[in-house]
Each structure stands twice: as structure tokens, then as C-alpha cells.
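J.: Would you mind keeping the following structure in view while I ask a few things?
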Amino acid sequence: MKYILVLCDGMGDYPVPELGGKTPLEYARTPNMDRLAQTARIGLVKTVPDGFTPGSDVANLGVLGFDVRKCYTGRSPLEALSMGVEMHENEIAMRTNLVTLSKDEPFENKIMKDYSAGEISDEEASVLMDAIKAELSTDKFVFYKGVSYRHCLIVKDALPNEDLTPPHDISGRRIGEYLPKGALGKQLEALIRKSYEILSVHPINVEREKQGKNPANSIWFWGEGTKPSIPSFQSQYGKTGTMISAVDLLKGIAVGSGMQNVSVQGATGTIDTNFLGKAQAAIDALESGRDFCMIHLEATDECGHQRNPKDKAKSIELIDEKVIGTLANHFEKSGEDYALLVMPDHYTPVSLGKHTAEPVPFMLYASNKTLGKGEVYDENHATASGDFIADSRDLTDCFLSLN
């Protein structure tokens with residue numbers, strides 16, 4: 001038996017007037033999921049434990065079967081793992097976004113226009129972060145480059161006592177009341193202000209504005225935490241694992257849990273990602289002897305943050321066609337038994353543009369047995385099923401025990 005988790009980040013949603021009162025998952029054409037749903041188990045699962053914010057970090061750790069109360073120390077430390085940053089006990093990591101702030105107002109009145117600076121390219125971001133590193137890095141504050149708009153700050157000799165707001169939670173709002181607070185608040189705010197002075201006049205951003213693109217004219221800190229400690233996935237489940245994702249967070253979870261990371265050419269974390277390449281990479285990993293593969297797809301989450309319901313539905317259709325359809329066709333032809341778990345990690349409603357914590361719909365399919373009653377996979381049918389799992393670790397245990 002081979003095991004595949006297709007994690008559609010932020011796919012859960014509320015009815016959208018623009019989609020005729022349907023959720024993007026209801027609205028999307030998903031013939032492959034519809035077919036598998038006829039024998040699958042469909043229900044709701046709680047992925048965000050009480051007391052935790054509904055971040056992809058917490059939710060994905062739980063979906064992979066880890067106890068976040070024991071191993072979670074913050075989002076950025078997980079991303080730091082994927083960047084090869086070796087953290088020490090007296091350090092904290094912070095996600096450092098390249099963002100777009102409005103131009104003309106006093107600094108406190110500037111608007112958070114774009115938390116991803118137009119999903120800036122790796123090449124442009126690398127040059128901009130070189131400028132930040134050259135101007136702002138000190139013995140205490142050390143910057144590391146990631147991909148696109150996602151980067152990292154390591155603060156030495158510090159404790160996690162900060163009040164930082166994710167930039168995607170304040171899209172369209174004035175930044176003044178959300179500037180960093182806490183023990184390092186004034187120093188972090190000074191770095192943000194200085195970054196605006198550096199980046200707003202950088203030639204790359206001048207050119208981006210000429211082209212009508214959002215400039216990456218500031219940095220923004222969030223997701224702080226200390227050195228993580230994640231159990232081995234193989235020790236916990238007795239199965240070798242592979243991660244396929246374009247996102248540093250998921251790559252970091254894989255590094256921390258001893259899973260194999262596979263990079264796919266053209267994988268972007270957005271709707272233009274190489275969906276088919278991710279599916280093929282999963283097939284290759286499983287055919288080469290790996291037991292479990294997680295395919296993480298970020299496009300649904302990005303579209304939710306961008307409040308774009310049509311593209312969110314389109315992302316789901318592409319996942320159905322190019323990922324789930326490709327996987328199902330391969331294993332049906334090979335005759336090898338497989339189990340497939342399809343689910344989001346959390347909701348990212350297009351009406352809100354940010355994560356929410358309610359239980360998410362899941363579909364659990366096995367090629368060699370009937371697990372359910374013949375349902376449709378969407379939020380409403382999952383709720384109506386009456387099948388509720390209060391801890392995502394229990395769903396993972398059930399999934400990985402199928403044979």
C-alpha cells in the first residue's frame with residue numbers, strides 16, 4: 001500500500017456570492033474527486049488545537065501526526081530549517097516578508113498593499129535581500145535569503161517575547177497599530193523603517209513600478225519562534241516519507257522530521273505552479289520505494305488571501321485534473337493498492353483574506369476497500385456526514401494504518 005496526502009492549503013471556504021452562493025470547492029468542476037468520493041470516507045477534522053492560531057505551521061504539523069503542544073516553537077524556525085540555518089538555543093527566528101507599502105503617507109499611515117510584493121521573483125528578491133543584508137545585518141540581527149517574498153531574520157541572544165502581526169492579516173489596513181511591539185519592538189520597527197528607505201529607491205523597485213508591478217519596498221517581521229524539535233516521521237509511523245512543496249515552511253517540517261524533500265521545476269506555490277510535475281514527482285518517489293508522499297499545494301491559499309474566488313476555484317480544478325487525476329490513473333493502471341487523503345490544512349475564506357480555525361473537510365480513499373457511503377466532497381457534505389474527528393492526528397493514524 002502506498003500513501004499519498006494531497007494537502008490543498010487554505011482550500012476551505014464559505015459560500016461566495018460571485019460563485020452563485022457556492023464555496024470554491026462546490027463551484028469547481030472536480031470529476032476525479034467526485035469519482036473517488038463514491039467509496040471514500042468524507043467528514044470534518046479539527047486541525048488547529050484550542051489555544052493556537054490557525055497557521056499553516058500548526059495545522060500541517062498536526063496533519064502529519066505531530067503533537068504541536070510538544071514540538072511547535074513558531075513558524076519561522078521551521079522555515080529556517082529549509083534554508084539550512086542552524087539555530088542555537090538562545091536565538092529566535094522571524095519570517096521576513098518583502099511587502100508593498102503605500103508611498104505618500106507618513107510611515108505610520110502607510111497601507112499594507114501587498115504582503116507578497118506581487119509574488120516577486122526569486123531573482124529580484126535575492127538582489128533586494130542582498131541590499132538588506134549589506135545595510136541592516138549586525139552581530140545581533142542576521143538576515144537569510146529564502147525564495148520569492150519569504151525570507152528569515154535570526155536574532156541572537158533573545159527570547160520570544162514579541163507581538164508581531166502577519167502581513168496577510170492586515171491587507172488594506174494602515175500599518176501604524178501593527179508595527180512590532182514587545183522586547184525588541186523598537187529595534188524591529190527601526191529595521192522596517194530603514195528597509196523602506198533602502199528598498200523604495202532601489203533600481204529593481206523603480207523598474208517594477210515602471211512596469212506597473214508592486215514594488216517590494218519594505219520588509220515585515222512575523223512568525224517568530226525558537227529552535228524546533230520535531231520527531232522522526234519514520235520512527236513514528238514506520239514509513240519513509242517524501243515532501244513535495246514549493247514553500248519553505250513545509251520543506252522545513254520535512255527536514256526536521258527526517259523526510260525526503262523533492263524540488264519540482266516550475267513549482268511556485270501559486271496558481272501557475274507545475275501541478276503535473278508535482279504529481280509525477282510523487283509517483284516517482286513512491287515507485288522508487290518511498291511509502292508516503294505529501295503533495296503540498298499553496299495556490300488555493302494564495303487565492304484566498306488575494307480574495308480571488310474564481311482563481312481559487314480554478315486552482316481546485318487544476319488540482320483535480322493534474323494531481324488527483326494523474327495519481328489515480330497511474331495507480332489504477334499499475335494495479336498497486338494506494339490510499340489517498342485529500343484535505344486543506346485550514347480555511348482561507350476569500351471574504352476575509354485570512355486563515356480561520358474551524359474544522360476542515362477531508363476525503364479519505366482506499367483503492368482496495370470501501371470506506372464511506374458515497375458522498376460528494378465539499379464543505380457542506382462533509383458537515384452533513386456527521387463524521388467529525390476532533391484531532392487531526394487521529395485521522396493521520398487512521399490513514400497510515402490502512403492496508
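Residue names in the C-alpha cells use chain letters A, B, ... in the order shown, residue numbers from 1 in each chain, and ligand numbers from 1 in the order shown.
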May I have the residues within 8 Å of Arg393 (chain A) as a ChimeraX atom specification, using only C-alpha atoms and disregarding those fewer than 2 positions away in the same chain?
T.: /A:62-67,391,395-397
J.: Residues at most 12 Å from region 283-289 of chain A, counting only C-alpha atoms, excluding those fewer than 5 positions away in the same chain, as JSON, numbers by chain?
T.: {"A": [1, 2, 3, 4, 239, 240, 241, 242, 243, 244, 259, 260, 261, 262, 263, 264, 276, 277, 278, 294, 295, 323, 324, 326, 327, 328, 329, 330, 331, 334, 336, 337, 338]}
J.: I want to know what sits within 9 Å of region 92-104 of chain A, based on only C-alpha atoms, with residues of the same chain fewer than 3 positions away left out; could you give that as a PyMOL selection string?
T.: chain A and resi 74-80+87-89+107+109-118+120+125+128-129+143-144+148-160+167+175+196+200+214-227
J.: Hey, what does DSSP flag as helix (DSSP H, G or I) within region 31-145 of chain A? Can you give it to me as a PyMOL selection string?
T.: chain A and resi 31-37+56-63+68-71+75-82+107-109+122-136
J.: To one decimal place in Å, what is the distance between CA of Arg193 (chain A) and CA of Leu179 (chain A)?
T.: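 Here the two named atoms are 10.0 Å from each other.
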J.: Rank A:His305, A:Ser351, A:Pro49, A:Asp130 by their smallest atom-to-atom distance to Ile170 (chain A), using only C-alpha atoms, and report the top residue only.
T.: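 Counting only C-alpha atoms, the residue closest to Ile170 (chain A) is A:His305.
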J.: Name the closest residue to Gly335 (chain A) among the candidates A:Thr30, A:Asn368, A:Ser315, A:Gln211; distances are taken between atoms, counting only C-alpha atoms.
T.: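 Closest to Gly335 (chain A) of all the choices is A:Asn368.
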J.: Would you return as a ChimeraX atom specification the members of region 53-287 of chain A that DSSP assigns to strand (DSSP E) on this structure's backbone?
T.: /A:91-101,112-114,141-147,150-156,162-163,181-182,218-225,241-244,260-262
J.: Find the spatial neighbours of Tyr72 (chain A), counting only C-alpha atoms, within a cut-off of 9 Å - ignore same-chain residues fewer than 6 positions away - and output them as a VMD selection string.
T.: chain A and resid 57 to 58 61 78 225 228 to 230
J.: For the selection just defined, write its residues with N, CA and C atoms to a file, as a PDB file, in the first residue's frame.
T.:
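Output file part_35.pdb is given in full below:
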ATOM      1  N   ASP A  57       1.613  26.421   9.783  1.00  0.00           N
ATOM      2  CA  ASP A  57       2.626  25.724  10.562  1.00  0.00           C
ATOM      3  C   ASP A  57       1.988  24.739  11.534  1.00  0.00           C
ATOM      4  N   VAL A  58       1.109  25.248  12.387  1.00  0.00           N
ATOM      5  CA  VAL A  58       0.422  24.409  13.369  1.00  0.00           C
ATOM      6  C   VAL A  58      -0.410  23.331  12.678  1.00  0.00           C
ATOM      7  N   LEU A  61       1.728  20.529  10.855  1.00  0.00           N
ATOM      8  CA  LEU A  61       2.367  19.628  11.818  1.00  0.00           C
ATOM      9  C   LEU A  61       1.359  18.614  12.339  1.00  0.00           C
ATOM     10  N   LEU A  78      10.824  26.769  11.511  1.00  0.00           N
ATOM     11  CA  LEU A  78      10.639  25.676  10.558  1.00  0.00           C
ATOM     12  C   LEU A  78      11.144  26.079   9.180  1.00  0.00           C
ATOM     13  N   GLY A 225       9.936  32.452  16.586  1.00  0.00           N
ATOM     14  CA  GLY A 225       9.989  31.245  17.408  1.00  0.00           C
ATOM     15  C   GLY A 225      11.413  30.795  17.643  1.00  0.00           C
ATOM     16  N   PRO A 228      13.253  24.468  16.808  1.00  0.00           N
ATOM     17  CA  PRO A 228      12.214  23.433  16.921  1.00  0.00           C
ATOM     18  C   PRO A 228      12.796  22.051  17.217  1.00  0.00           C
ATOM     19  N   SER A 229      11.911  21.161  17.661  1.00  0.00           N
ATOM     20  CA  SER A 229      12.287  19.768  17.891  1.00  0.00           C
ATOM     21  C   SER A 229      11.131  18.889  17.427  1.00  0.00           C
ATOM     22  N   ILE A 230      11.261  18.306  16.219  1.00  0.00           N
ATOM     23  CA  ILE A 230      10.193  17.526  15.618  1.00  0.00           C
ATOM     24  C   ILE A 230      10.593  16.054  15.614  1.00  0.00           C
TER      25      ILE A 230
END
